[in-house]
$ cat structure-v2.tsv   # TSV, C-alpha atoms
chain	number	residue	atom	x	y	z
A	23	ARG	CA	-36.23	-27.62	11.00
A	24	THR	CA	-33.06	-25.52	11.17
A	25	SER	CA	-30.25	-26.84	13.38
A	26	SER	CA	-29.00	-24.81	16.35
A	27	ASN	CA	-25.95	-23.76	14.30
A	28	GLY	CA	-28.28	-22.85	11.44
A	29	GLU	CA	-30.19	-20.56	13.80
A	30	ARG	CA	-26.91	-19.01	14.99
A	31	VAL	CA	-25.92	-18.40	11.38
A	32	LEU	CA	-29.20	-16.57	10.75
A	33	LEU	CA	-28.78	-14.39	13.85
A	34	LEU	CA	-25.18	-13.56	12.99
A	35	ALA	CA	-26.06	-12.75	9.38
A	36	ALA	CA	-28.80	-10.36	10.52
A	37	GLU	CA	-26.30	-8.52	12.72
A	38	LEU	CA	-23.58	-8.49	10.06
A	39	GLU	CA	-25.95	-6.95	7.50
A	40	ARG	CA	-26.00	-3.82	9.67
A	41	GLN	CA	-22.23	-3.40	9.52
A	42	PRO	CA	-20.95	-0.75	7.08
A	43	TRP	CA	-18.04	-2.94	5.94
A	44	ALA	CA	-20.27	-5.89	5.00
A	45	VAL	CA	-20.96	-5.38	1.30
A	46	GLN	CA	-22.81	-8.66	0.91
A	47	VAL	CA	-23.98	-11.15	3.56
A	48	LYS	CA	-25.48	-14.52	2.70
A	49	ALA	CA	-26.64	-16.97	5.36
A	50	ILE	CA	-26.83	-20.63	4.38
A	51	PRO	CA	-28.45	-22.27	7.43
A	52	THR	CA	-29.46	-25.47	5.62
A	53	ALA	CA	-25.96	-26.47	4.43
A	54	SER	CA	-24.45	-29.57	6.06
A	55	VAL	CA	-22.21	-27.08	7.87
A	56	PRO	CA	-24.29	-23.86	8.23
A	57	VAL	CA	-22.28	-20.86	7.08
A	58	VAL	CA	-22.40	-17.08	6.71
A	59	LYS	CA	-20.64	-15.91	3.54
A	60	ILE	CA	-19.48	-12.31	3.61
A	61	LEU	CA	-18.02	-9.96	1.03
A	62	ALA	CA	-16.29	-7.30	3.11
A	63	ASP	CA	-14.82	-3.89	2.31
A	64	PRO	CA	-11.89	-3.35	4.70
A	65	SER	CA	-11.71	0.34	3.81
A	66	LYS	CA	-15.01	0.78	5.69
A	67	LEU	CA	-13.68	-0.69	8.93
A	68	PRO	CA	-13.32	1.82	11.75
A	69	GLY	CA	-9.71	2.98	11.78
A	70	ALA	CA	-8.91	1.29	8.44
A	71	VAL	CA	-6.89	4.29	7.28
A	72	SER	CA	-4.30	4.96	9.89
A	73	SER	CA	-1.48	7.41	10.17
A	74	THR	CA	1.16	4.89	11.23
A	75	GLY	CA	4.09	6.52	9.50
A	76	SER	CA	4.55	7.52	5.89
A	77	ASP	CA	3.80	4.02	4.63
A	78	GLY	CA	0.17	4.23	5.79
A	79	ASP	CA	-2.08	1.29	6.55
A	80	TRP	CA	-0.66	-2.15	5.77
A	81	MET	CA	-4.01	-3.72	4.84
A	82	LEU	CA	-4.90	-1.03	2.34
A	83	GLN	CA	-1.42	-1.25	0.81
A	84	GLN	CA	-1.90	-5.00	0.39
A	85	HIS	CA	-5.21	-4.37	-1.36
A	86	HIS	CA	-3.61	-1.83	-3.65
A	87	MET	CA	-0.90	-4.32	-4.60
A	88	ALA	CA	-3.53	-7.02	-5.26
A	89	ALA	CA	-5.58	-4.60	-7.35
A	90	GLN	CA	-2.48	-3.61	-9.33
A	91	ALA	CA	-1.60	-7.28	-9.96
A	92	ALA	CA	-5.14	-8.06	-11.16
A	93	ALA	CA	-5.17	-4.96	-13.36
A	94	THR	CA	-1.78	-5.84	-14.84
A	95	ALA	CA	-3.03	-9.37	-15.59
A	96	ALA	CA	-5.98	-7.77	-17.39
A	97	GLY	CA	-3.64	-5.48	-19.34
A	98	ILE	CA	-4.63	-2.29	-17.48
A	99	HIS	CA	-1.98	0.11	-16.19
A	100	THR	CA	-2.70	1.50	-12.73
A	101	PRO	CA	-0.31	4.02	-11.23
A	102	PRO	CA	0.83	3.47	-7.63
A	103	PRO	CA	-0.76	5.71	-5.00
A	104	PRO	CA	1.03	9.02	-4.43
A	105	SER	CA	3.59	8.96	-1.63
A	106	GLY	CA	1.94	9.33	1.76
A	107	GLN	CA	-1.54	8.35	0.49
A	108	THR	CA	-2.87	5.42	2.49
A	109	GLY	CA	-5.99	4.52	0.54
A	110	PHE	CA	-6.10	3.02	-2.91
A	111	SER	CA	-8.21	3.67	-5.91
A	112	PRO	CA	-8.61	0.66	-8.20
A	113	PRO	CA	-9.48	1.26	-11.85
A	114	PRO	CA	-13.21	1.47	-12.55
A	115	LEU	CA	-14.86	-1.86	-13.28
A	116	THR	CA	-15.79	-0.58	-16.75
A	117	GLN	CA	-12.06	-0.27	-17.47
A	118	VAL	CA	-11.56	-3.86	-16.36
A	119	GLN	CA	-14.47	-5.02	-18.50
A	120	ALA	CA	-13.06	-3.15	-21.50
A	121	ALA	CA	-9.92	-5.32	-21.29
A	122	TYR	CA	-11.98	-8.40	-22.21
A	123	PRO	CA	-13.88	-9.15	-25.43
A	124	PRO	CA	-17.62	-8.38	-25.19
A	125	HIS	CA	-18.63	-12.06	-25.00
A	126	THR	CA	-16.14	-12.83	-22.20
A	127	PRO	CA	-16.95	-11.61	-18.67
A	128	PRO	CA	-14.02	-10.45	-16.57
A	129	PRO	CA	-12.82	-13.01	-14.01
A	130	TRP	CA	-15.16	-13.18	-11.04
A	131	ARG	CA	-12.40	-13.05	-8.43
A	132	GLY	CA	-10.65	-10.24	-10.23
A	133	ALA	CA	-13.64	-7.95	-9.84
A	134	ASP	CA	-13.62	-8.41	-6.07
A	135	VAL	CA	-9.85	-7.90	-5.89
A	136	MET	CA	-10.06	-4.86	-8.16
A	137	ASN	CA	-12.62	-3.36	-5.81
A	138	GLY	CA	-10.52	-4.25	-2.74
A	139	LEU	CA	-13.04	-6.66	-1.24
A	140	PHE	CA	-12.40	-9.70	0.98
A	141	SER	CA	-14.48	-12.86	0.85
A	142	LEU	CA	-14.82	-14.74	4.12
A	143	ASP	CA	-16.92	-17.51	5.62
A	144	ILE	CA	-17.99	-17.94	9.24
A	145	THR	CA	-19.16	-21.24	10.70
A	146	PHE	CA	-19.81	-22.54	14.20
A	147	GLU	CA	-18.16	-25.60	15.69
A	148	GLY	CA	-20.45	-28.57	15.98
A	149	PRO	CA	-20.61	-32.33	15.42
A	150	GLU	CA	-21.13	-31.82	11.67
A	151	HIS	CA	-18.07	-29.57	11.34
A	152	GLY	CA	-14.88	-31.22	10.11
A	153	GLY	CA	-13.01	-27.97	9.46
A	154	LEU	CA	-10.28	-28.38	12.07
A	155	GLY	CA	-9.51	-31.95	11.02
A	156	SER	CA	-9.48	-31.12	7.31
A	157	THR	CA	-7.25	-28.10	7.95
A	158	ALA	CA	-4.76	-30.25	9.89
A	159	TYR	CA	-4.79	-32.88	7.13
A	160	SER	CA	-4.27	-30.20	4.45
A	161	MET	CA	-1.34	-28.73	6.37
A	162	ASP	CA	0.21	-32.19	6.72
A	163	MET	CA	-0.09	-32.80	2.97
A	164	VAL	CA	1.54	-29.48	2.11
A	165	GLN	CA	4.33	-30.05	4.66
A	166	GLU	CA	4.96	-33.50	3.20
A	167	ALA	CA	5.22	-31.98	-0.29
A	168	CYS	CA	7.69	-29.41	1.09
A	169	ARG	CA	9.84	-32.15	2.64
A	170	GLU	CA	9.80	-34.22	-0.57
A	171	THR	CA	10.75	-31.30	-2.84
A	172	GLY	CA	12.76	-29.11	-0.49
A	173	GLN	CA	10.64	-26.18	-1.70
A	174	PRO	CA	8.50	-23.68	0.19
A	175	PRO	CA	4.74	-24.43	-0.06
A	176	GLU	CA	4.14	-22.12	-3.03
A	177	GLY	CA	7.02	-23.79	-4.91
A	178	THR	CA	5.71	-27.35	-4.67
A	179	PRO	CA	3.98	-28.80	-7.72
A	180	VAL	CA	0.98	-29.96	-5.67
A	181	VAL	CA	0.27	-26.45	-4.35
A	182	GLN	CA	0.79	-24.89	-7.79
A	183	VAL	CA	-1.67	-27.33	-9.39
A	184	LEU	CA	-4.17	-26.75	-6.57
A	185	MET	CA	-3.98	-22.96	-6.96
A	186	VAL	CA	-4.54	-23.15	-10.73
A	187	LEU	CA	-7.51	-25.47	-10.25
A	188	LYS	CA	-8.94	-23.27	-7.47
A	189	GLU	CA	-8.73	-20.19	-9.70
A	190	LEU	CA	-10.32	-21.98	-12.66
A	191	LEU	CA	-13.20	-23.15	-10.47
A	192	ALA	CA	-13.61	-19.69	-8.89
A	193	GLN	CA	-13.76	-17.99	-12.28
A	194	ARG	CA	-16.59	-20.33	-13.23
A	195	ARG	CA	-18.24	-20.05	-9.80
A	196	LEU	CA	-17.75	-23.75	-9.18
A	197	ASN	CA	-15.80	-23.36	-5.93
A	198	GLU	CA	-18.68	-23.42	-3.47
A	199	PRO	CA	-19.85	-26.84	-2.22
A	200	PHE	CA	-23.28	-25.55	-1.14
A	201	SER	CA	-24.04	-24.64	-4.77
A	202	GLY	CA	-22.70	-27.88	-6.26
A	203	GLY	CA	-19.04	-26.90	-6.63
A	204	LEU	CA	-15.83	-28.27	-5.16
A	205	SER	CA	-14.22	-27.05	-1.97
A	206	SER	CA	-10.48	-26.55	-1.58
A	207	TYR	CA	-10.39	-29.66	0.58
A	208	ALA	CA	-12.13	-31.74	-2.11
A	209	LEU	CA	-9.58	-30.49	-4.63
A	210	LEU	CA	-6.74	-31.50	-2.34
A	211	LEU	CA	-8.20	-34.99	-2.02
A	212	LEU	CA	-8.53	-35.25	-5.82
A	213	VAL	CA	-4.98	-34.09	-6.50
$ encode --input "structure-v2.tsv" --output "structure tokens"
Amino acid sequence: RTSSNGERVLLLAAELERQPWAVQVKAIPTASVPVVKILADPSKLPGAVSSTGSDGDWMLQQHHMAAQAAATAAGIHTPPPPSGQTGFSPPPLTQVQAAYPPHTPPPWRGADVMNGLFSLDITFEGPEHGGLGSTAYSMDMVQEACRETGQPPEGTPVVQVLMVLKELLAQRRLNEPFSGGLSSYALLLLV
């Protein structure tokens, strides 16, 4: 039998699948914390490309910068968008794949970033959900590391190690607890 939150997850997923910005929707109603996993394309959101000055839409600019960083890491040169252009055009995935030897797939996360997609999860609060408590604990650990080192969060050794481990797990698709991987919170507890 599916829990009440599992049923909510199924209903929400069915509705999200009809949204033009939802590239991929996966409902996992049987997880210990039922979740909807979404791969979203922000360029398909209503009003995503705005005319708020010559700089254009902030979100699309952020995606372009992320796509450029991923392309640079893969050894691909991508020119910046022409002045006044708000959208971005990442290099074709075939160009990204060409940057890697035939037996090595391109990084999983990089493909999503290169295509300007966001990954997000939606859950519902319930007795089985420890998200708020684990978030508070994680924030306390990072703040403690900042106090000890006098560095901003991204400059602390603990956060740097966590980010490297998170990326390694994501590239190998071992970052999802429902499929046998490790969550960010589990990594924090290990480190």
$ residues_around --input "structure-v2.tsv" --residues "Thr145 (chain A)" --least-positions-apart "6" --cutoff "12 Å" --atoms "only C-alpha atoms" --output "list in words"
Ser26, Asn27, Gly28, Glu29, Arg30, Val31, Leu32, Leu34, Ala35, Ala49, Ile50, Pro51, Ala53, Ser54, Val55, Pro56, Val57, Val58, Lys59, Ile60, His151, Gly152, Gly153 and Leu154 of chain A
$ residues_around --input "structure-v2.tsv" --residues "Ser201 (chain A)" --least-positions-apart "2" --cutoff "12 Å" --atoms "all atoms listed in the file" --output "ChimeraX atom specification"
/A:50,52-54,195-199,203-205
$ write_last_selection --input "structure-v2.tsv" --atoms "C-alpha atoms" --output "PDB file, keeping the file's coordinate frame"
ATOM      1  CA  ILE A  50     -26.830 -20.630   4.380  1.00  0.00           C
ATOM      2  CA  THR A  52     -29.460 -25.470   5.620  1.00  0.00           C
ATOM      3  CA  ALA A  53     -25.960 -26.470   4.430  1.00  0.00           C
ATOM      4  CA  SER A  54     -24.450 -29.570   6.060  1.00  0.00           C
ATOM      5  CA  ARG A 195     -18.240 -20.050  -9.800  1.00  0.00           C
ATOM      6  CA  LEU A 196     -17.750 -23.750  -9.180  1.00  0.00           C
ATOM      7  CA  ASN A 197     -15.800 -23.360  -5.930  1.00  0.00           C
ATOM      8  CA  GLU A 198     -18.680 -23.420  -3.470  1.00  0.00           C
ATOM      9  CA  PRO A 199     -19.850 -26.840  -2.220  1.00  0.00           C
ATOM     10  CA  GLY A 203     -19.040 -26.900  -6.630  1.00  0.00           C
ATOM     11  CA  LEU A 204     -15.830 -28.270  -5.160  1.00  0.00           C
ATOM     12  CA  SER A 205     -14.220 -27.050  -1.970  1.00  0.00           C
TER      13      SER A 205
END
$ atom_distance --input "structure-v2.tsv" --atom1 "CA of Ser156 (chain A)" --atom2 "CA of Trp43 (chain A)"
29.5 Å
$ residues_around --input "structure-v2.tsv" --residues "Leu212 (chain A)" --least-positions-apart "4" --cutoff "12 Å" --atoms "all atoms listed in the file" --output "PyMOL selection string"
chain A and resi 180+183-184+187+204-208
$ residues_around --input "structure-v2.tsv" --residues "Val181 (chain A)" --least-positions-apart "4" --cutoff "10 Å" --atoms "only C-alpha atoms" --output "list in words"
Met163, Val164, Ala167, Cys168, Pro174, Pro175, Glu176, Gly177, Met185, Val186, Leu187, Leu210 and Val213 of chain A
$ write_last_selection --input "structure-v2.tsv" --atoms "C-alpha atoms" --output "PDB file, in the frame of the given file"
ATOM      1  CA  MET A 163      -0.090 -32.800   2.970  1.00  0.00           C
ATOM      2  CA  VAL A 164       1.540 -29.480   2.110  1.00  0.00           C
ATOM      3  CA  ALA A 167       5.220 -31.980  -0.290  1.00  0.00           C
ATOM      4  CA  CYS A 168       7.690 -29.410   1.090  1.00  0.00           C
ATOM      5  CA  PRO A 174       8.500 -23.680   0.190  1.00  0.00           C
ATOM      6  CA  PRO A 175       4.740 -24.430  -0.060  1.00  0.00           C
ATOM      7  CA  GLU A 176       4.140 -22.120  -3.030  1.00  0.00           C
ATOM      8  CA  GLY A 177       7.020 -23.790  -4.910  1.00  0.00           C
ATOM      9  CA  MET A 185      -3.980 -22.960  -6.960  1.00  0.00           C
ATOM     10  CA  VAL A 186      -4.540 -23.150 -10.730  1.00  0.00           C
ATOM     11  CA  LEU A 187      -7.510 -25.470 -10.250  1.00  0.00           C
ATOM     12  CA  LEU A 210      -6.740 -31.500  -2.340  1.00  0.00           C
ATOM     13  CA  VAL A 213      -4.980 -34.090  -6.500  1.00  0.00           C
TER      14      VAL A 213
END
$ atom_distance --input "structure-v2.tsv" --atom1 "CA of Arg23 (chain A)" --atom2 "CA of Ile144 (chain A)"
20.7 Å
$ residues_around --input "structure-v2.tsv" --residues "Ala44 (chain A)" --least-positions-apart "4" --cutoff "7 Å" --atoms "all atoms listed in the file" --output "compact mmCIF listing (two decimals) with C-alpha atoms, keeping the file's coordinate frame"
# COMPACT_ATOMS: atom_id res chain seq x y z
CA LEU A 38 -23.58 -8.49 10.06
CA GLU A 39 -25.95 -6.95 7.50
CA ILE A 60 -19.48 -12.31 3.61
CA LEU A 61 -18.02 -9.96 1.03
CA ALA A 62 -16.29 -7.30 3.11
CA ASP A 63 -14.82 -3.89 2.31
$ atom_distance --input "structure-v2.tsv" --atom1 "CA of Lys188 (chain A)" --atom2 "CA of Glu170 (chain A)"
22.8 Å
